[in-house]
Number of protein chains: 2
Amino acid sequence: MAEDARHFAGELEELVARLLYMGSLAEERVTSAMRALTERDPARIEDVISGDRALNGLHIDIDDRCFKLLALQQPVAVDLRVVVASAKINGDLERIGDLAVNIGEAARRYIVHRPVKPLIDIPRMAGIAQEMLRDALDAFVERRVDLARQVMERDELLDSLKDQIFRELLTYMIAAARTVEPALDLILISRHLERIGDHATNIAENVVFVVEGVDVRHHAGD
Amino acid sequence: MAEDARHFAGELEELVARLLYMGSLAEERVTSAMRALTERDPARIEDVISGDRALNGLHIDIDDRCFKLLALQQPVAVDLRVVVASAKINGDLERIGDLAVNIGEAARRYIVHRPVKPLIDIPRMAGIAQEMLRDALDAFVERRVDLARQVMERDELLDSLKDQIFRELLTYMIAAARTVEPALDLILISRHLERIGDHATNIAENVVFVVEGVDVRHHAGD
């Protein structure tokens with residue numbers, strides 16, 4: 001039995017390690033997509049668009065590990081919550097990778113045109129979203145509910161930046177037809193970044209679930 | 001033991017019944033959002049935007065049931081796959097509800113303006129996405145892999161309709177500044193509908209997982 005428990009602990013550790021690695025890959029892909037956009041670098045854009053394979057492989061591998069842990073080890077209490085939360089976080093990280101591809105696709109269209117305006121708020125949104133992702137994963141590993149709650153609070157900031165960008169770009173589009181296409185892609189990119197923040201928030205909610213065993217989504221606790 | 005097994009079967013049945021009820025609610029919300037848009041009905045739009053509560057309540061309830069089944073019954077084999085798949089489908093249905101809200105928000109902005117054009121392709125996309133959702137849930141209940149695969153195949157049709165709508169609306173936006181705002185919202189709506197189709201596809205992939213025990217995401221089987 002002690003042998004079994006050690007084996008289980010090792011498997012759980014490996015699962016979390018892979019999840020963290022996946023998180024760093026997902027963050028890297030967002031960084032790369034944003035750099036491709038700001039530097040207007042077509043080669044990097046193509047790399048981002050076609051480079052989803054490693055993340056997708058990890059997605060399947062981690063899901064498979066979660067399932068096998070449930071099937072073979074039948075964990076309980078906090079261990080079960082860690083496995084269930086890992087499966088969910090895995091889904092969020094995979095979607096963040098998809099959103100990096102979506103940013104790359106919008107960037108590919110964007111760089112064909114003259115820049116609409118200097119990019120300031122969009123990189124700022126990206127910075128916030130990535131910090132949220134990093135903090136949410138740190139909170140998961142360190143089981144820090146305080147840090148998780150800080151992540152959730154930043155979601156609103158991202159939302160209001162997105163609205164501000166939307167309004168600003170609309171005025172450009174209405175004023176000059178040549179800005180319609182590129183401004184539209186910037187609007188889409190700001191929405192992708194907002195959704196990356198949403199996924200970081202989901203991860204943070206899972207941290208509260210792991211530590212406290214309560215579901216804080218939809219403000220269920222209110 | 002026979003008592004336990006009966007109890008477990010009953011709980012699993014109840015879980016699937018709630019998931020189906022949630023699916024019908026999610027579909028209804030998409031229908032309502034589309035009707036609000038096409039009929040330009042402000043009261044219905046507000047209902048859609050503020051009417052997420054039932055779906056969110058079910059989301060938490062179903063997740064809780066999945067977790068308790070894992071914790072207390074420790075299911076194995078196909079039963080375990082049904083519970084795991086149910087938790088994932090639950091997440092997809094909740095997101096479809098959110099997307100109905102997003103459609104409502106875009107519709108609220110849209111109806112302030114003169115219509116850009118008669119809405120034909122967007123209701124068509126909605127029809128396809130909703131059919132995919134219905135079929136995916138039917139495939140889940142009836143454990144029909146053939147129907148699940150048909151759902152997955154329709155995802156491409158939705159994608160190409162979305163691209164077609166994007167290109168057409170762009171030409172309007174470039175030609176007439178007054179169409180910029182409403183056309184942008186139609187583009188966003190077409191993207192929300194495409195994502196509803198993506199979630200239906202996720203549900204269909206889970207059906208294959210339940211029945212065959214294999215992961216067909218990211219074309220893992222290729």
# chains A, B, ... in the order shown; residues from 1 in each chain; ligands from 1
call {"tool": "residues_around", "arguments": {"residues": "Glu27 (chain B)", "least_positions_apart": "5", "cutoff": "10 Å", "atoms": "only C-alpha atoms", "output": "number ranges by chain"}}
result
B: 21-22, 32-33, 93, 96-97, 100, 129-131, 133-134, 196
call {"tool": "write_last_selection", "arguments": {"atoms": "C-alpha atoms", "output": "PDB file, in the first residue's frame"}}
result
ATOM      1  CA  TYR B  21     -32.050  19.256 -20.250  1.00  0.00           C
ATOM      2  CA  MET B  22     -29.134  21.688 -20.150  1.00  0.00           C
ATOM      3  CA  SER B  32     -33.935  33.098 -28.756  1.00  0.00           C
ATOM      4  CA  ALA B  33     -30.790  35.158 -29.470  1.00  0.00           C
ATOM      5  CA  LEU B  93     -22.939  23.672 -23.009  1.00  0.00           C
ATOM      6  CA  ILE B  96     -22.762  27.851 -25.729  1.00  0.00           C
ATOM      7  CA  GLY B  97     -24.953  29.710 -23.246  1.00  0.00           C
ATOM      8  CA  ALA B 100     -25.876  33.201 -26.843  1.00  0.00           C
ATOM      9  CA  ALA B 129     -24.826  24.995 -35.485  1.00  0.00           C
ATOM     10  CA  GLN B 130     -28.027  24.135 -33.644  1.00  0.00           C
ATOM     11  CA  GLU B 131     -28.535  20.977 -35.649  1.00  0.00           C
ATOM     12  CA  LEU B 133     -25.641  20.528 -31.163  1.00  0.00           C
ATOM     13  CA  ARG B 134     -28.855  18.475 -31.240  1.00  0.00           C
ATOM     14  CA  ILE B 196     -21.118  27.092 -31.104  1.00  0.00           C
TER      15      ILE B 196
END
call {"tool": "interface_residues", "arguments": {"of": "chain B", "to": "chain A", "cutoff": "9 Å", "atoms": "only C-alpha atoms", "output": "VMD selection string"}}
result
chain B and resid 53 56 to 57 60 64 67 70 to 72 74 to 77 80 to 81 84 88 170 173 to 181 184 188 215 217 to 218 220
call {"tool": "write_last_selection", "arguments": {"atoms": "C-alpha atoms", "output": "PDB file, in the first residue's frame"}}
result
ATOM      1  CA  ARG B  53     -28.868  32.036 -14.619  1.00  0.00           C
ATOM      2  CA  ASN B  56     -25.122  28.569 -14.942  1.00  0.00           C
ATOM      3  CA  GLY B  57     -26.958  26.852 -12.115  1.00  0.00           C
ATOM      4  CA  ILE B  60     -22.475  23.974 -11.279  1.00  0.00           C
ATOM      5  CA  ASP B  64     -20.854  18.740  -8.719  1.00  0.00           C
ATOM      6  CA  PHE B  67     -17.307  15.086  -8.998  1.00  0.00           C
ATOM      7  CA  LEU B  70     -16.048  10.104  -9.109  1.00  0.00           C
ATOM      8  CA  ALA B  71     -15.448  10.556  -5.394  1.00  0.00           C
ATOM      9  CA  LEU B  72     -18.075   8.221  -3.978  1.00  0.00           C
ATOM     10  CA  GLN B  74     -15.265   5.383  -8.278  1.00  0.00           C
ATOM     11  CA  PRO B  75     -16.671   4.243 -11.624  1.00  0.00           C
ATOM     12  CA  VAL B  76     -14.568   2.288 -14.090  1.00  0.00           C
ATOM     13  CA  ALA B  77     -14.478   1.554 -17.841  1.00  0.00           C
ATOM     14  CA  LEU B  80     -16.005   6.379 -15.956  1.00  0.00           C
ATOM     15  CA  ARG B  81     -15.831   7.588 -19.546  1.00  0.00           C
ATOM     16  CA  VAL B  84     -15.635  12.302 -17.600  1.00  0.00           C
ATOM     17  CA  LYS B  88     -16.590  18.082 -20.503  1.00  0.00           C
ATOM     18  CA  LEU B 170     -15.956  43.744 -45.451  1.00  0.00           C
ATOM     19  CA  MET B 173     -17.846  48.326 -44.636  1.00  0.00           C
ATOM     20  CA  ILE B 174     -15.311  49.642 -47.099  1.00  0.00           C
ATOM     21  CA  ALA B 175     -18.000  50.982 -49.413  1.00  0.00           C
ATOM     22  CA  ALA B 176     -20.124  52.810 -46.833  1.00  0.00           C
ATOM     23  CA  ALA B 177     -19.014  54.136 -43.452  1.00  0.00           C
ATOM     24  CA  ARG B 178     -22.548  53.897 -42.071  1.00  0.00           C
ATOM     25  CA  THR B 179     -22.359  50.119 -42.358  1.00  0.00           C
ATOM     26  CA  VAL B 180     -19.125  49.797 -40.366  1.00  0.00           C
ATOM     27  CA  GLU B 181     -20.671  49.382 -36.936  1.00  0.00           C
ATOM     28  CA  LEU B 184     -18.840  44.520 -37.543  1.00  0.00           C
ATOM     29  CA  LEU B 188     -18.832  38.976 -34.517  1.00  0.00           C
ATOM     30  CA  ASP B 215      -9.310  10.380 -28.230  1.00  0.00           C
ATOM     31  CA  ARG B 217      -9.247  15.350 -30.991  1.00  0.00           C
ATOM     32  CA  HIS B 218      -6.537  17.060 -33.009  1.00  0.00           C
ATOM     33  CA  ALA B 220      -5.012  12.062 -32.975  1.00  0.00           C
TER      34      ALA B 220
END
call {"tool": "residues_around", "arguments": {"residues": "region 14-20 of chain B", "least_positions_apart": "3", "cutoff": "10 Å", "atoms": "only C-alpha atoms", "output": "count of residues only"}}
result
28
call {"tool": "select_by_dssp", "arguments": {"residues": "region 40-160 of chain B", "states": "helix (DSSP H, G or I)", "output": "ChimeraX atom specification"}}
result
/B:42-50,53-73,77-110,121-142,145-160
call {"tool": "atom_distance", "arguments": {"atom1": "CA of Arg29 (chain A)", "atom2": "CA of Phe209 (chain B)"}}
result
28.3 Å
call {"tool": "atom_distance", "arguments": {"atom1": "CA of Glu142 (chain A)", "atom2": "CA of Val208 (chain A)"}}
result
11.6 Å
call {"tool": "atom_distance", "arguments": {"atom1": "CA of Glu205 (chain B)", "atom2": "CA of Ala148 (chain B)"}}
result
7.0 Å
call {"tool": "closest_residue", "arguments": {"among": "B:Ala36, B:Leu186, B:Thr201, B:Met152", "to": "Tyr172 (chain B)", "atoms": "only C-alpha atoms"}}
result
B:Leu186
call {"tool": "residues_around", "arguments": {"residues": "Thr38 (chain B)", "least_positions_apart": "2", "cutoff": "10 Å", "atoms": "only C-alpha atoms", "output": "PyMOL selection string"}}
result
chain B and resi 32-36+40-41+107+111+115+118-120+122-123
call {"tool": "residues_around", "arguments": {"residues": "Leu158 (chain A)", "least_positions_apart": "4", "cutoff": "9 Å", "atoms": "only C-alpha atoms", "output": "number ranges by chain"}}
result
A: 125, 128-129, 154, 162-163, 193-194, 197
call {"tool": "write_last_selection", "arguments": {"atoms": "all heavy atoms", "output": "PDB file, in the first residue's frame"}}
result
ATOM      1  N   MET A 125      -2.772  44.745 -23.200  1.00  0.00           N
ATOM      2  CA  MET A 125      -3.715  43.654 -22.909  1.00  0.00           C
ATOM      3  C   MET A 125      -2.990  42.310 -22.863  1.00  0.00           C
ATOM      4  O   MET A 125      -3.245  41.480 -21.990  1.00  0.00           O
ATOM      5  CB  MET A 125      -4.797  43.579 -23.997  1.00  0.00           C
ATOM      6  CG  MET A 125      -5.963  44.520 -23.810  1.00  0.00           C
ATOM      7  SD  MET A 125      -7.305  44.136 -25.008  1.00  0.00           S
ATOM      8  CE  MET A 125      -8.122  42.746 -24.168  1.00  0.00           C
ATOM      9  N   ILE A 128      -1.068  41.861 -19.645  1.00  0.00           N
ATOM     10  CA  ILE A 128      -1.953  41.546 -18.508  1.00  0.00           C
ATOM     11  C   ILE A 128      -2.427  40.089 -18.587  1.00  0.00           C
ATOM     12  O   ILE A 128      -2.396  39.354 -17.603  1.00  0.00           O
ATOM     13  CB  ILE A 128      -3.159  42.509 -18.477  1.00  0.00           C
ATOM     14  CG1 ILE A 128      -2.690  43.942 -18.208  1.00  0.00           C
ATOM     15  CG2 ILE A 128      -4.176  42.071 -17.419  1.00  0.00           C
ATOM     16  CD1 ILE A 128      -3.764  45.011 -18.432  1.00  0.00           C
ATOM     17  N   ALA A 129      -2.854  39.684 -19.776  1.00  0.00           N
ATOM     18  CA  ALA A 129      -3.366  38.315 -19.932  1.00  0.00           C
ATOM     19  C   ALA A 129      -2.279  37.287 -19.612  1.00  0.00           C
ATOM     20  O   ALA A 129      -2.542  36.273 -18.945  1.00  0.00           O
ATOM     21  CB  ALA A 129      -3.898  38.114 -21.348  1.00  0.00           C
ATOM     22  N   ARG A 154      -8.355  40.804 -12.045  1.00  0.00           N
ATOM     23  CA  ARG A 154      -7.790  41.512 -13.203  1.00  0.00           C
ATOM     24  C   ARG A 154      -8.605  41.317 -14.479  1.00  0.00           C
ATOM     25  O   ARG A 154      -8.367  41.969 -15.479  1.00  0.00           O
ATOM     26  CB  ARG A 154      -6.339  41.076 -13.421  1.00  0.00           C
ATOM     27  CG  ARG A 154      -5.354  41.985 -12.694  1.00  0.00           C
ATOM     28  CD  ARG A 154      -3.946  41.430 -12.764  1.00  0.00           C
ATOM     29  NE  ARG A 154      -3.753  40.376 -11.782  1.00  0.00           N
ATOM     30  CZ  ARG A 154      -2.702  39.566 -11.734  1.00  0.00           C
ATOM     31  NH1 ARG A 154      -1.749  39.679 -12.632  1.00  0.00           N
ATOM     32  NH2 ARG A 154      -2.609  38.635 -10.796  1.00  0.00           N
ATOM     33  N   LYS A 162     -10.548  46.077 -23.619  1.00  0.00           N
ATOM     34  CA  LYS A 162     -11.121  45.588 -24.873  1.00  0.00           C
ATOM     35  C   LYS A 162     -12.200  46.542 -25.392  1.00  0.00           C
ATOM     36  O   LYS A 162     -12.225  46.883 -26.581  1.00  0.00           O
ATOM     37  CB  LYS A 162     -11.710  44.190 -24.679  1.00  0.00           C
ATOM     38  CG  LYS A 162     -12.319  43.608 -25.932  1.00  0.00           C
ATOM     39  CD  LYS A 162     -13.371  42.554 -25.598  1.00  0.00           C
ATOM     40  CE  LYS A 162     -14.606  43.188 -24.982  1.00  0.00           C
ATOM     41  NZ  LYS A 162     -15.702  42.273 -24.707  1.00  0.00           N
ATOM     42  N   ASP A 163     -13.080  46.990 -24.502  1.00  0.00           N
ATOM     43  CA  ASP A 163     -14.154  47.915 -24.906  1.00  0.00           C
ATOM     44  C   ASP A 163     -13.583  49.242 -25.404  1.00  0.00           C
ATOM     45  O   ASP A 163     -14.074  49.820 -26.377  1.00  0.00           O
ATOM     46  CB  ASP A 163     -15.112  48.175 -23.738  1.00  0.00           C
ATOM     47  CG  ASP A 163     -15.979  46.965 -23.449  1.00  0.00           C
ATOM     48  OD1 ASP A 163     -16.105  46.105 -24.341  1.00  0.00           O
ATOM     49  OD2 ASP A 163     -16.520  46.860 -22.330  1.00  0.00           O
ATOM     50  N   LEU A 193      -7.328  38.188 -26.938  1.00  0.00           N
ATOM     51  CA  LEU A 193      -6.564  38.419 -25.704  1.00  0.00           C
ATOM     52  C   LEU A 193      -7.484  38.425 -24.487  1.00  0.00           C
ATOM     53  O   LEU A 193      -7.143  37.885 -23.432  1.00  0.00           O
ATOM     54  CB  LEU A 193      -5.801  39.749 -25.797  1.00  0.00           C
ATOM     55  CG  LEU A 193      -4.649  39.744 -26.814  1.00  0.00           C
ATOM     56  CD1 LEU A 193      -4.122  41.161 -27.024  1.00  0.00           C
ATOM     57  CD2 LEU A 193      -3.516  38.816 -26.363  1.00  0.00           C
ATOM     58  N   GLU A 194      -8.657  39.006 -24.649  1.00  0.00           N
ATOM     59  CA  GLU A 194      -9.608  38.994 -23.545  1.00  0.00           C
ATOM     60  C   GLU A 194      -9.976  37.553 -23.182  1.00  0.00           C
ATOM     61  O   GLU A 194     -10.092  37.209 -22.005  1.00  0.00           O
ATOM     62  CB  GLU A 194     -10.876  39.765 -23.942  1.00  0.00           C
ATOM     63  CG  GLU A 194     -11.825  39.978 -22.788  1.00  0.00           C
ATOM     64  CD  GLU A 194     -13.269  39.822 -23.207  1.00  0.00           C
ATOM     65  OE1 GLU A 194     -13.534  39.523 -24.396  1.00  0.00           O
ATOM     66  OE2 GLU A 194     -14.140  39.991 -22.340  1.00  0.00           O
ATOM     67  N   GLY A 197      -7.430  35.908 -21.105  1.00  0.00           N
ATOM     68  CA  GLY A 197      -7.658  36.301 -19.709  1.00  0.00           C
ATOM     69  C   GLY A 197      -8.785  35.490 -19.070  1.00  0.00           C
ATOM     70  O   GLY A 197      -8.695  35.095 -17.905  1.00  0.00           O
TER      71      GLY A 197
END
call {"tool": "decode", "arguments": {"residues": "region 189-204 of chain B", "atoms": "all heavy atoms", "output": "CSV table (one decimal), in the first residue's frame"}}
result
chain,number,residue,atom,x,y,z
B,189,ILE,N,-21.1,38.1,-34.7
B,189,ILE,CA,-22.1,37.1,-34.5
B,189,ILE,C,-21.8,35.8,-35.3
B,189,ILE,O,-21.9,34.7,-34.8
B,189,ILE,CB,-23.5,37.7,-34.9
B,189,ILE,CG1,-24.0,38.7,-33.9
B,189,ILE,CG2,-24.6,36.5,-35.0
B,189,ILE,CD1,-25.2,39.5,-34.3
B,190,SER,N,-21.3,36.0,-36.5
B,190,SER,CA,-21.0,34.8,-37.3
B,190,SER,C,-19.8,34.0,-36.6
B,190,SER,O,-19.8,32.8,-36.6
B,190,SER,CB,-20.6,35.2,-38.7
B,190,SER,OG,-19.3,35.7,-38.8
B,191,ARG,N,-18.9,34.7,-35.9
B,191,ARG,CA,-17.9,34.1,-35.2
B,191,ARG,C,-18.4,33.3,-34.0
B,191,ARG,O,-17.9,32.2,-33.6
B,191,ARG,CB,-16.8,35.0,-34.8
B,191,ARG,CG,-16.0,35.5,-36.0
B,191,ARG,CD,-14.9,36.4,-35.7
B,191,ARG,NE,-14.1,36.5,-37.0
B,191,ARG,CZ,-12.9,35.9,-37.1
B,191,ARG,NH1,-12.3,35.4,-36.1
B,191,ARG,NH2,-12.4,36.0,-38.3
B,192,HIS,N,-19.4,33.9,-33.3
B,192,HIS,CA,-20.0,33.3,-32.1
B,192,HIS,C,-20.7,32.0,-32.6
B,192,HIS,O,-20.6,30.9,-31.9
B,192,HIS,CB,-21.0,34.2,-31.4
B,192,HIS,CG,-20.4,35.4,-30.9
B,192,HIS,ND1,-19.1,35.5,-30.4
B,192,HIS,CD2,-20.9,36.7,-30.9
B,192,HIS,CE1,-18.9,36.8,-30.0
B,192,HIS,NE2,-19.9,37.5,-30.3
B,193,LEU,N,-21.3,32.0,-33.7
B,193,LEU,CA,-22.0,30.8,-34.2
B,193,LEU,C,-21.1,29.7,-34.6
B,193,LEU,O,-21.3,28.6,-34.4
B,193,LEU,CB,-22.9,31.2,-35.4
B,193,LEU,CG,-24.1,32.1,-35.1
B,193,LEU,CD1,-24.8,32.6,-36.4
B,193,LEU,CD2,-25.1,31.3,-34.2
B,194,GLU,N,-19.9,30.2,-35.2
B,194,GLU,CA,-18.9,29.2,-35.6
B,194,GLU,C,-18.4,28.5,-34.3
B,194,GLU,O,-18.2,27.3,-34.3
B,194,GLU,CB,-17.8,29.9,-36.3
B,194,GLU,CG,-16.8,28.9,-36.9
B,194,GLU,CD,-15.3,29.4,-36.7
B,194,GLU,OE1,-15.1,30.5,-36.1
B,194,GLU,OE2,-14.4,28.7,-37.2
B,195,ARG,N,-18.3,29.2,-33.3
B,195,ARG,CA,-17.8,28.6,-32.0
B,195,ARG,C,-18.8,27.7,-31.4
B,195,ARG,O,-18.5,26.7,-30.7
B,195,ARG,CB,-17.3,29.7,-31.1
B,195,ARG,CG,-15.9,30.2,-31.5
B,195,ARG,CD,-15.3,31.3,-30.7
B,195,ARG,NE,-15.3,30.9,-29.3
B,195,ARG,CZ,-15.6,31.7,-28.2
B,195,ARG,NH1,-15.9,32.9,-28.5
B,195,ARG,NH2,-15.5,31.2,-27.0
B,196,ILE,N,-20.1,28.0,-31.6
B,196,ILE,CA,-21.1,27.1,-31.1
B,196,ILE,C,-20.9,25.8,-31.8
B,196,ILE,O,-21.0,24.7,-31.2
B,196,ILE,CB,-22.5,27.7,-31.3
B,196,ILE,CG1,-22.7,28.9,-30.3
B,196,ILE,CG2,-23.6,26.6,-31.1
B,196,ILE,CD1,-24.0,29.7,-30.6
B,197,GLY,N,-20.7,25.8,-33.1
B,197,GLY,CA,-20.4,24.6,-33.9
B,197,GLY,C,-19.1,23.9,-33.4
B,197,GLY,O,-19.1,22.7,-33.3
B,198,ASP,N,-18.1,24.7,-33.0
B,198,ASP,CA,-16.9,24.0,-32.4
B,198,ASP,C,-17.3,23.3,-31.1
B,198,ASP,O,-16.7,22.2,-30.9
B,198,ASP,CB,-15.9,25.1,-32.0
B,198,ASP,CG,-15.2,25.7,-33.2
B,198,ASP,OD1,-15.3,25.1,-34.3
B,198,ASP,OD2,-14.6,26.8,-33.1
B,199,HIS,N,-18.1,23.8,-30.3
B,199,HIS,CA,-18.5,23.2,-29.1
B,199,HIS,C,-19.3,21.9,-29.4
B,199,HIS,O,-19.2,20.9,-28.7
B,199,HIS,CB,-19.3,24.1,-28.1
B,199,HIS,CG,-18.4,25.1,-27.5
B,199,HIS,ND1,-17.4,24.8,-26.6
B,199,HIS,CD2,-18.2,26.5,-27.7
B,199,HIS,CE1,-16.7,25.9,-26.2
B,199,HIS,NE2,-17.2,26.9,-26.9
B,200,ALA,N,-20.2,22.0,-30.4
B,200,ALA,CA,-20.9,20.8,-30.8
B,200,ALA,C,-20.0,19.7,-31.2
B,200,ALA,O,-20.1,18.5,-30.9
B,200,ALA,CB,-21.9,21.1,-31.9
B,201,THR,N,-18.9,20.1,-32.0
B,201,THR,CA,-17.9,19.2,-32.4
B,201,THR,C,-17.2,18.6,-31.2
B,201,THR,O,-16.9,17.3,-31.2
B,201,THR,CB,-16.9,19.9,-33.3
B,201,THR,OG1,-17.6,20.4,-34.4
B,201,THR,CG2,-15.8,19.0,-33.8
B,202,ASN,N,-16.9,19.4,-30.2
B,202,ASN,CA,-16.2,18.8,-29.0
B,202,ASN,C,-17.1,17.7,-28.4
B,202,ASN,O,-16.6,16.7,-27.9
B,202,ASN,CB,-16.0,19.9,-27.9
B,202,ASN,CG,-15.0,20.9,-28.3
B,202,ASN,OD1,-14.2,20.7,-29.3
B,202,ASN,ND2,-14.9,22.0,-27.6
B,203,ILE,N,-18.4,18.0,-28.3
B,203,ILE,CA,-19.4,17.1,-27.7
B,203,ILE,C,-19.3,15.8,-28.5
B,203,ILE,O,-19.3,14.7,-28.0
B,203,ILE,CB,-20.8,17.7,-27.7
B,203,ILE,CG1,-20.8,18.8,-26.7
B,203,ILE,CG2,-21.8,16.6,-27.3
B,203,ILE,CD1,-22.1,19.7,-26.7
B,204,ALA,N,-19.3,15.9,-29.9
B,204,ALA,CA,-19.3,14.7,-30.7
B,204,ALA,C,-18.0,13.9,-30.5
B,204,ALA,O,-18.0,12.7,-30.5
B,204,ALA,CB,-19.4,15.1,-32.2
